[in-house]
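Written out below as structure tokens is the structure these notes cover.
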Amino acid sequence: MTHDDRLSGVLEHARVIFFDFDGPVCDVFAGLPASEVAKQLTTLLSIQHEAAGAKAAETDDPIEVLRISHEADATVGQVVEQALTAAEVEAVAVAGPPTPGAVEALQAARSSGRAVVVVSNNSADCVKRFMELHGLGEYVARIVGRPSGEPHLMKPNPYPLIRAAEQVHADVTLCTLIGDSLTDIQAAHAAGATVIGYANKPHKDALFAEAGADAITDAMQDIADVLAA
């Protein structure tokens, strides 16, 4: 069975489509590099918790800095989270256009009568801002961003997907997630949803296949084309 066959089968079964945000919809840190944001957050963290700051200095992933901050101290974590949210909102304003094929995929999903939910480890604020900037709000029924103050509930935890399904009154097993990371694959499996791996880098195809993605594509336009067929 080809990737195309599997993609058609997964989407045909799905009554609700979850879109991860960073990757499938846009490149959040295209204009404001993630490594730069991570560095800023680490500096902020170091001032308030030296040991956690030293640990955070080993990563260039802002989300990982957030996890480290909350693990060290909940109050410090909230301060870092507020700074991250502000940076994300700033970043999406200079991120450039949506991922090629993303707008068509959102439109096709909505036109097919399916509910569309953006489910992200980024803040709901930055997702809303990007949607407003690019006129995409009409295609999205709900936005589920990271749970404030509870980074342990972010993907790969299934919580965001379960919550998203509840918000559109759907059985999560009739939902499919389009995501570009292993955490998306893991979260979908844990929730009981199907998952389409968006392999936007060459090595991800094999990675997602090994992780058991239900289908894999390297182009968001493929999603649009299958849904519009």
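Ligands are numbered from 1 in the order shown, chains are lettered A, B, ... in the order of the structure tokens, and residues start at 1 in each chain.
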For region 56-71 of chain A, please output as a compact mmCIF listing (two decimals) with C-alpha atoms, in the first residue's frame all residues within 12 Å (counting only C-alpha atoms; exclusion window: fewer than 3 positions along the same chain).
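Saved result, around.txt, follows:
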```txt
# COMPACT_ATOMS: atom_id res chain seq x y z
CA ASP A 22 4.23 24.78 14.03
CA VAL A 28 6.54 29.82 13.87
CA PHE A 29 10.16 30.86 14.30
CA LEU A 32 12.55 35.14 14.97
CA PRO A 33 14.77 32.05 15.40
CA ALA A 34 13.82 29.52 18.06
CA SER A 35 17.42 29.41 19.25
CA GLU A 36 17.29 33.16 19.91
CA VAL A 37 14.05 32.84 21.88
CA ALA A 38 15.46 29.91 23.86
CA LYS A 39 18.51 32.00 24.71
CA GLN A 40 16.36 34.89 25.93
CA LEU A 41 14.24 32.58 28.07
CA THR A 42 17.33 30.89 29.48
CA THR A 43 18.77 34.26 30.50
CA LEU A 44 15.50 35.10 32.26
CA LEU A 45 15.46 31.71 33.95
CA SER A 46 19.10 31.93 35.07
CA ILE A 47 18.42 35.15 36.94
CA GLN A 48 15.78 33.41 39.04
CA HIS A 49 17.06 29.82 39.20
CA GLU A 50 20.75 29.35 38.44
CA ALA A 51 20.75 25.53 38.30
CA ALA A 52 17.74 25.38 35.99
CA GLY A 53 19.30 28.08 33.83
CA ALA A 74 6.12 26.70 39.36
CA THR A 75 6.28 30.46 39.94
CA VAL A 76 9.44 30.83 37.86
CA GLY A 77 7.81 28.62 35.22
CA GLN A 78 4.89 31.03 34.96
CA VAL A 79 7.25 33.96 34.42
CA VAL A 80 9.10 32.09 31.67
CA GLU A 81 5.83 30.96 30.11
CA GLN A 82 4.55 34.54 29.90
CA ALA A 83 7.80 35.54 28.20
CA LEU A 84 7.55 32.62 25.78
CA THR A 85 3.97 33.48 24.87
CA ALA A 87 7.88 35.89 22.03
CA GLU A 88 5.62 33.50 20.09
CA SER A 120 -0.51 22.97 19.53
CA ASN A 121 2.23 23.06 22.14
CA ASN A 122 2.52 26.73 21.22
CA SER A 123 0.29 29.24 22.98
CA ARG A 146 -0.61 24.49 25.53
CA SER A 148 -1.12 27.25 30.93
CA GLY A 149 1.05 26.34 33.89
CA GLU A 150 0.92 22.63 33.08
CA PRO A 151 3.59 21.83 30.50
CA HIS A 152 3.45 18.15 31.49
CA LEU A 153 0.07 18.07 29.72
CA MET A 154 1.52 19.17 26.38
CA LYS A 155 1.97 16.61 23.59
```
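Summary of the local environment: counting only C-alpha atoms, residues at most 9 Å from Phe21 (chain A), other than itself and those fewer than 2 positions away along its chain, are Phe19, Gly23, Pro24, Val25, Cys26, Asp27, Val28, Val118, Val119, Ser120, Asn121, Asn122, Val127 and Gly179 of chain A.
If you count only C-alpha atoms and ignore residues fewer than 2 places along the chain from region 200-202 of chain A, what sits within 7 Å of it is A:Asp180, A:Tyr198, A:Lys204, A:Asp205, A:Asp218.
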Quiz item: Hey, which of A:Val168, A:Ala72, A:Leu106, A:Ile17 ends up closest to Ala228 (chain A)? Count only C-alpha atoms.
Solution: A:Leu106
Quiz item: Quick one: residues within 10 Å of Asn157 (chain A), only C-alpha atoms counted, chain neighbours fewer than 2 positions away excluded, as a ChimeraX atom specification?
Solution: /A:151-155,159-162,183-184,186-191
